[in-house]
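Coordinates from protein_13.json are shown below (JSON, C-alpha atoms).
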[["chain", "number", "residue", "atom", "x", "y", "z"],
["A", 1, "MET", "CA", 40.12, 58.52, -131.71],
["A", 2, "THR", "CA", 39.05, 61.98, -132.85],
["A", 3, "GLU", "CA", 41.46, 64.88, -133.18],
["A", 4, "HIS", "CA", 39.73, 66.57, -130.27],
["A", 5, "SER", "CA", 40.19, 63.65, -127.90],
["A", 6, "GLN", "CA", 43.80, 63.25, -129.00],
["A", 7, "TRP", "CA", 44.31, 66.88, -128.06],
["A", 8, "LEU", "CA", 42.65, 66.31, -124.67],
["A", 9, "GLN", "CA", 44.84, 63.26, -124.00],
["A", 10, "LEU", "CA", 47.90, 65.31, -124.81],
["A", 11, "GLN", "CA", 46.86, 68.06, -122.39],
["A", 12, "ILE", "CA", 46.36, 65.59, -119.55],
["A", 13, "ASP", "CA", 49.60, 63.72, -120.28],
["A", 14, "LYS", "CA", 51.51, 67.00, -120.33],
["A", 15, "LEU", "CA", 49.98, 68.09, -117.05],
["A", 16, "ALA", "CA", 50.80, 64.69, -115.50],
["A", 17, "GLU", "CA", 54.42, 64.96, -116.60],
["A", 18, "GLN", "CA", 54.73, 68.32, -114.84],
["A", 19, "GLN", "CA", 53.71, 66.92, -111.44],
["A", 20, "GLY", "CA", 56.56, 66.28, -109.03],
["A", 21, "LYS", "CA", 54.55, 64.22, -106.57],
["A", 22, "PHE", "CA", 54.11, 60.57, -107.56],
["A", 23, "THR", "CA", 50.51, 60.35, -106.34],
["A", 24, "ASP", "CA", 49.54, 63.54, -108.23],
["A", 25, "ARG", "CA", 51.06, 62.18, -111.45],
["A", 26, "ALA", "CA", 49.13, 58.97, -110.81],
["A", 27, "PHE", "CA", 45.84, 60.89, -110.53],
["A", 28, "TRP", "CA", 46.21, 62.71, -113.84],
["A", 29, "LEU", "CA", 47.40, 59.62, -115.70],
["A", 30, "ALA", "CA", 44.46, 57.62, -114.35],
["A", 31, "LEU", "CA", 42.16, 60.42, -115.49],
["A", 32, "ALA", "CA", 43.69, 60.18, -118.98],
["A", 33, "GLU", "CA", 42.90, 56.46, -118.95],
["A", 34, "LEU", "CA", 39.32, 57.18, -117.87],
["A", 35, "VAL", "CA", 38.93, 59.73, -120.67],
["A", 36, "ARG", "CA", 40.01, 57.00, -123.12],
["A", 37, "GLU", "CA", 37.37, 54.76, -121.60],
["A", 38, "GLN", "CA", 34.76, 57.53, -122.02],
["A", 39, "GLU", "CA", 35.74, 57.81, -125.66],
["A", 40, "ARG", "CA", 35.33, 54.06, -126.21],
["A", 41, "ARG", "CA", 31.95, 54.06, -124.44],
["A", 42, "SER", "CA", 30.72, 57.02, -126.51],
["A", 43, "ASP", "CA", 31.74, 55.28, -129.74],
["A", 44, "GLN", "CA", 29.99, 52.09, -128.70],
["A", 45, "LEU", "CA", 26.81, 53.89, -127.64],
["A", 46, "ARG", "CA", 26.76, 55.94, -130.86],
["A", 47, "GLY", "CA", 27.22, 52.71, -132.82],
["A", 48, "GLU", "CA", 24.36, 51.07, -130.96],
["A", 49, "VAL", "CA", 22.07, 54.07, -131.52],
["A", 50, "ASP", "CA", 22.90, 53.97, -135.27],
["A", 51, "GLY", "CA", 22.40, 50.23, -135.45],
["A", 52, "ARG", "CA", 19.05, 50.28, -133.69],
["A", 53, "THR", "CA", 17.83, 53.28, -135.70],
["A", 54, "TRP", "CA", 18.67, 51.64, -139.01],
["A", 55, "ARG", "CA", 15.56, 49.48, -139.37],
["A", 56, "PRO", "CA", 14.96, 48.45, -143.02],
["A", 57, "ASP", "CA", 11.68, 46.79, -142.02],
["A", 58, "ARG", "CA", 10.29, 50.23, -141.21],
["A", 59, "TRP", "CA", 11.31, 51.80, -144.52],
["B", 1, "MET", "CA", 32.45, 57.98, -96.19],
["B", 2, "THR", "CA", 34.73, 56.73, -93.41],
["B", 3, "THR", "CA", 37.12, 53.96, -94.35],
["B", 4, "LEU", "CA", 38.98, 51.93, -91.78],
["B", 5, "VAL", "CA", 42.16, 50.28, -93.07],
["B", 6, "LEU", "CA", 43.45, 47.51, -90.82],
["B", 7, "VAL", "CA", 46.88, 46.34, -91.88],
["B", 8, "SER", "CA", 48.28, 43.05, -90.68],
["B", 9, "HIS", "CA", 51.96, 42.41, -91.33],
["B", 10, "PRO", "CA", 54.55, 41.03, -88.91],
["B", 11, "HIS", "CA", 57.38, 43.19, -90.34],
["B", 12, "LEU", "CA", 55.68, 46.26, -91.77],
["B", 13, "ALA", "CA", 58.79, 48.44, -92.01],
["B", 14, "ASP", "CA", 60.48, 45.83, -94.23],
["B", 15, "SER", "CA", 57.58, 45.55, -96.65],
["B", 16, "THR", "CA", 58.00, 47.74, -99.73],
["B", 17, "SER", "CA", 54.47, 47.01, -100.92],
["B", 18, "GLN", "CA", 52.93, 48.02, -97.58],
["B", 19, "GLN", "CA", 55.04, 51.17, -97.44],
["B", 20, "PHE", "CA", 53.96, 51.98, -101.00],
["B", 21, "LEU", "CA", 50.30, 51.52, -100.11],
["B", 22, "LYS", "CA", 50.70, 53.69, -97.02],
["B", 23, "ALA", "CA", 52.21, 56.47, -99.14],
["B", 24, "SER", "CA", 49.32, 56.04, -101.61],
["B", 25, "LEU", "CA", 46.59, 56.64, -99.03],
["B", 26, "PRO", "CA", 44.32, 59.36, -100.43],
["B", 27, "ALA", "CA", 44.76, 62.75, -98.79],
["B", 28, "ASN", "CA", 41.79, 64.82, -97.61],
["B", 29, "GLU", "CA", 39.65, 61.76, -97.07],
["B", 30, "ASP", "CA", 38.13, 60.28, -93.97],
["B", 31, "ILE", "CA", 40.50, 57.34, -93.53],
["B", 32, "ILE", "CA", 41.62, 55.64, -90.35],
["B", 33, "TRP", "CA", 44.75, 53.55, -90.82],
["B", 34, "GLU", "CA", 45.93, 51.06, -88.22],
["B", 35, "HIS", "CA", 48.70, 48.49, -88.09],
["B", 36, "ILE", "CA", 47.42, 45.64, -85.98],
["B", 37, "GLU", "CA", 50.79, 44.22, -84.89],
["B", 38, "SER", "CA", 51.93, 47.67, -83.67],
["B", 39, "GLN", "CA", 49.27, 47.73, -80.97],
["B", 40, "PRO", "CA", 50.90, 46.77, -77.66],
["B", 41, "THR", "CA", 47.62, 45.17, -76.62],
["B", 42, "LEU", "CA", 44.37, 45.09, -78.53],
["B", 43, "ASP", "CA", 41.96, 47.58, -76.99],
["B", 44, "VAL", "CA", 38.75, 45.73, -77.76],
["B", 45, "ALA", "CA", 36.42, 48.64, -76.98],
["B", 46, "LYS", "CA", 38.45, 51.02, -79.17],
["B", 47, "GLU", "CA", 38.68, 48.50, -82.03],
["B", 48, "GLN", "CA", 34.96, 47.80, -81.92],
["B", 49, "ASP", "CA", 34.23, 51.52, -81.81],
["B", 50, "GLN", "CA", 36.33, 52.08, -84.94],
["B", 51, "LEU", "CA", 34.44, 49.32, -86.70],
["B", 52, "ARG", "CA", 31.10, 50.82, -85.66],
["B", 53, "HIS", "CA", 32.04, 54.21, -87.08],
["B", 54, "ALA", "CA", 33.44, 53.01, -90.41],
["B", 55, "ASP", "CA", 31.35, 52.64, -93.55],
["B", 56, "ARG", "CA", 33.96, 50.54, -95.31],
["B", 57, "ILE", "CA", 36.41, 48.24, -93.54],
["B", 58, "ILE", "CA", 39.54, 47.13, -95.36],
["B", 59, "LEU", "CA", 41.64, 44.20, -94.19],
["B", 60, "GLN", "CA", 45.06, 44.51, -95.78],
["B", 61, "PHE", "CA", 47.77, 41.86, -95.55],
["B", 62, "PRO", "CA", 50.23, 39.64, -97.40],
["B", 63, "LEU", "CA", 49.01, 36.12, -98.19],
["B", 64, "TYR", "CA", 50.78, 33.62, -95.93],
["B", 65, "TRP", "CA", 49.97, 29.97, -96.64],
["B", 66, "TYR", "CA", 46.69, 30.86, -98.35],
["B", 67, "ALA", "CA", 45.51, 32.96, -95.42],
["B", 68, "ALA", "CA", 46.06, 36.22, -93.55],
["B", 69, "PRO", "CA", 48.99, 36.49, -91.12],
["B", 70, "ALA", "CA", 48.45, 35.24, -87.57],
["B", 71, "GLY", "CA", 48.10, 38.84, -86.30],
["B", 72, "LEU", "CA", 44.84, 39.30, -88.18],
["B", 73, "LYS", "CA", 43.41, 36.03, -86.87],
["B", 74, "GLN", "CA", 44.33, 37.10, -83.35],
["B", 75, "TRP", "CA", 42.61, 40.44, -83.98],
["B", 76, "GLU", "CA", 39.49, 38.62, -85.22],
["B", 77, "ASP", "CA", 39.43, 36.27, -82.25],
["B", 78, "THR", "CA", 39.88, 39.14, -79.79],
["B", 79, "VAL", "CA", 37.81, 41.95, -81.30],
["B", 80, "LEU", "CA", 35.03, 40.17, -83.16],
["B", 81, "THR", "CA", 33.29, 38.73, -80.15],
["B", 82, "ARG", "CA", 30.04, 36.88, -80.63],
["B", 83, "THR", "CA", 28.11, 39.48, -78.67],
["B", 84, "PHE", "CA", 29.55, 42.26, -80.78],
["B", 85, "VAL", "CA", 29.00, 40.68, -84.20],
["B", 86, "TYR", "CA", 25.55, 39.12, -83.83],
["B", 87, "GLY", "CA", 24.65, 38.70, -80.19],
["B", 88, "ASP", "CA", 21.11, 39.61, -79.15],
["B", 89, "HIS", "CA", 20.27, 39.88, -82.85],
["B", 90, "ARG", "CA", 21.90, 43.27, -83.05],
["B", 91, "TYR", "CA", 24.21, 43.52, -86.01],
["B", 92, "PRO", "CA", 26.35, 46.66, -85.61],
["B", 93, "LEU", "CA", 28.37, 45.82, -88.73],
["B", 94, "ALA", "CA", 25.34, 45.22, -90.95],
["B", 95, "ASP", "CA", 25.47, 46.88, -94.39],
["B", 96, "LYS", "CA", 29.07, 48.01, -93.92],
["B", 97, "GLU", "CA", 31.39, 47.00, -96.72],
["B", 98, "LEU", "CA", 34.29, 44.63, -96.14],
["B", 99, "GLY", "CA", 37.17, 44.84, -98.60],
["B", 100, "ILE", "CA", 40.35, 42.79, -98.77],
["B", 101, "VAL", "CA", 43.66, 44.12, -100.04],
["B", 102, "VAL", "CA", 45.98, 41.16, -100.38],
["B", 103, "THR", "CA", 49.52, 41.01, -101.72],
["B", 104, "THR", "CA", 50.92, 37.79, -103.12],
["B", 105, "GLY", "CA", 54.35, 36.64, -104.20],
["B", 106, "MET", "CA", 52.88, 34.61, -107.05],
["B", 107, "PRO", "CA", 51.31, 36.01, -110.23],
["B", 108, "GLY", "CA", 47.54, 36.30, -110.55],
["B", 109, "LYS", "CA", 47.34, 33.41, -113.01],
["B", 110, "ALA", "CA", 48.70, 31.06, -110.30],
["B", 111, "PHE", "CA", 45.48, 31.47, -108.32],
["B", 112, "GLN", "CA", 43.13, 29.28, -110.32],
["B", 113, "ARG", "CA", 42.48, 25.60, -110.80],
["B", 114, "GLY", "CA", 45.28, 24.29, -112.96],
["B", 115, "GLY", "CA", 47.47, 27.22, -111.91],
["B", 116, "ALA", "CA", 50.58, 26.85, -109.77],
["B", 117, "GLU", "CA", 48.63, 27.43, -106.54],
["B", 118, "GLN", "CA", 45.53, 25.40, -107.55],
["B", 119, "ILE", "CA", 43.27, 27.65, -105.50],
["B", 120, "THR", "CA", 41.54, 30.95, -106.16],
["B", 121, "LEU", "CA", 41.88, 33.85, -103.74],
["B", 122, "ASP", "CA", 38.11, 33.75, -103.29],
["B", 123, "ALA", "CA", 38.42, 30.15, -102.11],
["B", 124, "ALA", "CA", 41.47, 30.77, -99.92],
["B", 125, "LEU", "CA", 39.87, 33.75, -98.21],
["B", 126, "ALA", "CA", 36.42, 32.19, -97.90],
["B", 127, "PRO", "CA", 36.60, 32.21, -94.05],
["B", 128, "LEU", "CA", 36.77, 36.03, -94.11],
["B", 129, "ALA", "CA", 33.83, 36.16, -96.52],
["B", 130, "ALA", "CA", 31.94, 33.90, -94.10],
["B", 131, "VAL", "CA", 32.60, 36.37, -91.27],
["B", 132, "ALA", "CA", 31.26, 39.18, -93.48],
["B", 133, "GLU", "CA", 28.17, 37.09, -94.23],
["B", 134, "ARG", "CA", 27.61, 36.34, -90.53],
["B", 135, "ALA", "CA", 27.89, 40.03, -89.69],
["B", 136, "LYS", "CA", 25.51, 40.92, -92.55],
["B", 137, "MET", "CA", 28.25, 42.96, -94.20],
["B", 138, "THR", "CA", 28.68, 43.52, -97.93],
["B", 139, "TRP", "CA", 31.71, 41.68, -99.29],
["B", 140, "LEU", "CA", 33.65, 43.65, -101.91],
["B", 141, "PRO", "CA", 35.55, 41.93, -104.71],
["B", 142, "ILE", "CA", 39.09, 41.20, -103.48],
["B", 143, "PHE", "CA", 41.75, 43.73, -104.45],
["B", 144, "ALA", "CA", 44.85, 41.63, -105.13],
["B", 145, "ILE", "CA", 48.34, 42.94, -105.78],
["B", 146, "HIS", "CA", 50.50, 40.26, -107.32],
["B", 147, "GLN", "CA", 54.31, 40.37, -107.36],
["B", 148, "PHE", "CA", 54.62, 44.01, -106.37],
["B", 149, "ALA", "CA", 58.41, 43.87, -106.77],
["B", 150, "TYR", "CA", 58.04, 43.17, -110.49],
["B", 151, "LEU", "CA", 55.72, 46.11, -111.20],
["B", 152, "GLU", "CA", 57.09, 48.77, -113.56],
["B", 153, "GLU", "CA", 56.50, 52.47, -112.97],
["B", 154, "PRO", "CA", 53.34, 52.80, -115.15],
["B", 155, "GLU", "CA", 51.81, 49.87, -113.28],
["B", 156, "LYS", "CA", 52.72, 51.39, -109.94],
["B", 157, "LEU", "CA", 51.17, 54.71, -110.97],
["B", 158, "GLN", "CA", 47.99, 52.88, -111.93],
["B", 159, "LEU", "CA", 48.08, 50.97, -108.62],
["B", 160, "VAL", "CA", 48.08, 54.22, -106.62],
["B", 161, "VAL", "CA", 44.71, 55.30, -108.01],
["B", 162, "ASP", "CA", 43.19, 51.83, -108.20],
["B", 163, "TYR", "CA", 44.00, 51.42, -104.49],
["B", 164, "GLN", "CA", 42.61, 54.85, -103.61],
["B", 165, "ARG", "CA", 39.41, 54.06, -105.50],
["B", 166, "TYR", "CA", 39.09, 50.70, -103.73],
["B", 167, "LEU", "CA", 39.23, 52.55, -100.42],
["B", 168, "THR", "CA", 36.89, 55.41, -101.23],
["B", 169, "GLN", "CA", 34.88, 54.92, -104.45],
["B", 170, "GLU", "CA", 31.25, 53.81, -104.56],
["B", 171, "GLN", "CA", 30.78, 50.20, -105.55],
["B", 172, "PRO", "CA", 30.25, 48.51, -107.98],
["B", 173, "ASP", "CA", 33.19, 49.82, -109.95],
["B", 174, "SER", "CA", 31.19, 51.04, -112.97],
["B", 175, "LEU", "CA", 32.15, 53.74, -115.47],
["B", 176, "GLY", "CA", 29.54, 55.99, -113.83],
["B", 177, "ASP", "CA", 31.08, 55.50, -110.38],
["B", 178, "ARG", "CA", 34.60, 56.03, -111.72],
["B", 179, "GLN", "CA", 33.52, 59.28, -113.40],
["B", 180, "ALA", "CA", 31.87, 60.48, -110.20],
["B", 181, "TRP", "CA", 35.00, 59.66, -108.14],
["B", 182, "PHE", "CA", 37.25, 61.74, -110.42],
["B", 183, "ALA", "CA", 34.73, 64.57, -110.77],
["B", 184, "GLU", "CA", 34.55, 64.88, -106.99],
["B", 185, "ARG", "CA", 38.33, 65.14, -106.63],
["B", 186, "LEU", "CA", 39.15, 67.29, -109.66],
["B", 187, "PRO", "CA", 38.44, 70.72, -108.08],
["B", 188, "GLU", "CA", 40.85, 70.03, -105.19],
["B", 189, "MET", "CA", 43.51, 68.62, -107.55],
["B", 190, "ILE", "CA", 43.25, 71.72, -109.74],
["B", 191, "LYS", "CA", 43.53, 73.98, -106.71],
["B", 192, "GLN", "CA", 46.82, 72.26, -105.81],
["B", 193, "LEU", "CA", 48.34, 72.91, -109.26],
["B", 194, "PRO", "CA", 50.83, 75.75, -109.69],
["B", 195, "PRO", "CA", 48.98, 78.89, -110.94],
["B", 196, "GLU", "CA", 50.30, 78.55, -114.52],
["B", 197, "GLN", "CA", 48.84, 75.02, -114.80],
["B", 198, "GLN", "CA", 45.42, 75.77, -113.35],
["B", 199, "ALA", "CA", 43.85, 76.96, -116.62],
["B", 200, "THR", "CA", 44.80, 73.65, -118.27],
["B", 201, "GLY", "CA", 43.40, 71.81, -115.26],
["B", 202, "ARG", "CA", 40.07, 73.62, -115.54],
["B", 203, "LEU", "CA", 39.92, 73.00, -119.29],
["B", 204, "ILE", "CA", 40.47, 69.29, -118.72],
["B", 205, "GLU", "CA", 37.78, 69.30, -116.04],
["B", 206, "ALA", "CA", 35.28, 70.95, -118.42],
["B", 207, "GLU", "CA", 36.07, 68.53, -121.26],
["B", 208, "PHE", "CA", 35.81, 65.57, -118.91],
["B", 209, "ALA", "CA", 32.39, 66.77, -117.70],
["B", 210, "GLN", "CA", 31.26, 67.31, -121.31],
["B", 211, "GLN", "CA", 32.25, 63.75, -122.27],
["B", 212, "LYS", "CA", 30.31, 62.46, -119.24],
["B", 213, "ASP", "CA", 27.22, 64.43, -120.29],
["B", 214, "ASP", "CA", 27.53, 63.11, -123.87],
["B", 215, "ILE", "CA", 27.60, 59.54, -122.58],
["B", 216, "ASP", "CA", 24.56, 60.17, -120.36],
["B", 217, "ALA", "CA", 22.65, 61.72, -123.28],
["B", 218, "LEU", "CA", 23.51, 58.78, -125.57],
["B", 219, "ALA", "CA", 22.46, 56.31, -122.89],
["B", 220, "ASP", "CA", 19.13, 58.16, -122.54],
["B", 221, "THR", "CA", 18.56, 58.10, -126.32],
["B", 222, "LEU", "CA", 19.34, 54.41, -126.37],
["B", 223, "SER", "CA", 16.90, 53.53, -123.61],
["B", 224, "LEU", "CA", 14.22, 55.56, -125.43],
["B", 225, "ILE", "CA", 14.86, 53.56, -128.63],
["B", 226, "LYS", "CA", 14.74, 50.31, -126.67],
["B", 227, "GLU", "CA", 11.47, 51.32, -125.05],
["B", 228, "GLN", "CA", 9.92, 52.00, -128.47],
["B", 229, "GLU", "CA", 11.19, 48.66, -129.77],
["B", 230, "ASP", "CA", 9.35, 46.96, -126.90],
["B", 231, "ASP", "CA", 6.04, 48.57, -127.94]]

Just give me the structure as structure tokens.
Amino acid sequence: MTEHSQWLQLQIDKLAEQQGKFTDRAFWLALAELVREQERRSDQLRGEVDGRTWRPDRW
Amino acid sequence: MTTLVLVSHPHLADSTSQQFLKASLPANEDIIWEHIESQPTLDVAKEQDQLRHADRIILQFPLYWYAAPAGLKQWEDTVLTRTFVYGDHRYPLADKELGIVVTTGMPGKAFQRGGAEQITLDAALAPLAAVAERAKMTWLPIFAIHQFAYLEEPEKLQLVVDYQRYLTQEQPDSLGDRQAWFAERLPEMIKQLPPEQQATGRLIEAEFAQQKDDIDALADTLSLIKEQEDD
């Protein structure tokens, strides 16, 4: 996880903690989870782009 | 999207899971919630009208002997008349989605061959799937809540949003659909924040949108590479 996404996670977690209503807290925490999923998907896509671009047969 | 939630439970007030789900219903959404057993008599015309107007119909109940409670069966037998469902080759429920929210006292792993219950929920609830098929409805993957009483707070928090998404999010439940569901609700959620938290809310919204755009751009690049590989 990059420093930037760690910072974003922290912001969302902090905001979630400040919510008094259970369902509001649930929304922000679920968003934090989705942001983690975005991060994973980005990493995987970047990895796949790198892997497919690295073609020694075309050197 | 209009979602109709039909709850069947013989003792609704005593059910902590059903009360939890009721409190979790998403606000500001087009949702009609009805407890079947609370109806003094089933008004067939009204029930059928509700079904006609809904885009997604949710049947919600505890699993009793591998089936829905008797109240739901009675509702089916009374409301889903042959003429209404498929008579005269009119299919008023066609293309509507049918979702099942089922609570069980046994853990999820019990519902498989070799598990304590020896039957999957898909198999146990096959008669409802057959009704959906007959009515030309789209069957959604079952939303099961196992052993609600044992859930810890983080799991309950997660359940709130998972349940809300099951009621109102586009299907299938892909990353793209999940992102769209949150993006649609973020402005209203930010508006509800106290003024001193709104700037953080907007910042999170912007970062979230940026991450989504990055993923879309990467996916585009990837499909371009794949296209060239095919040449």

Problem set entry | Residue hits in chain A, query chain B, radius 10 Å, only C-alpha atoms, as a ChimeraX atom specification | /A:4-5,8-9,11-12,14-15,18-19,22-35,37-39,41-46,48-50,52-53

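When the distance limit is 12 Å and only C-alpha atoms are what count, the residues near Thr16 of chain B, minus those fewer than 3 positions from it on the same chain, are His9, His11, Leu12, Ala13, Gln19, Phe20, Leu21, Lys22, Ala23, Pro62, Thr103, Gln147, Phe148, Ala149, Tyr150 and Leu151 of chain B.
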
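Shortest separation to His146 of chain B among B:Arg113, B:Leu72, B:Leu63, B:Asp213 occurs at residue B:Leu63, atoms counted being all atoms listed in the file.
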
Exercise. Leaving out segment 116-132 of chain B and any residue of its chain fewer than 4 positions from it, which residues lie within 9 Å of it when counting only C-alpha atoms, given as a list in words?
Worked result: Tyr66, Ala67, Ala68, Leu93, Ala94, Glu97, Leu98, Ile100, Met106, Lys109, Ala110, Phe111, Gln112, Lys136, Met137, Thr138, Trp139, Pro141, Ile142 and Ala144 of chain B

For this session: Work out how far atom CA of Asp77 of chain B is from atom CA of Tyr91 of chain B, in Å to one decimal.
Result: 17.3 Å

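Relative to atom CA of Gln210 of chain B, atom CA of Trp54 of chain A is found at 26.8 Å.
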
Exercise. So how many Å separate atom CA of Ser17 of chain B and atom CA of Glu153 of chain B, to one decimal?
Worked result: 13.4 Å

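Excluding Thr2 of chain B itself and any same-chain residue fewer than 6 positions from it, the protein and nucleic acid residues within 6 Å of it, counting only C-alpha atoms, are Asp30, Ile31, Ala54 and Asp55 of chain B.
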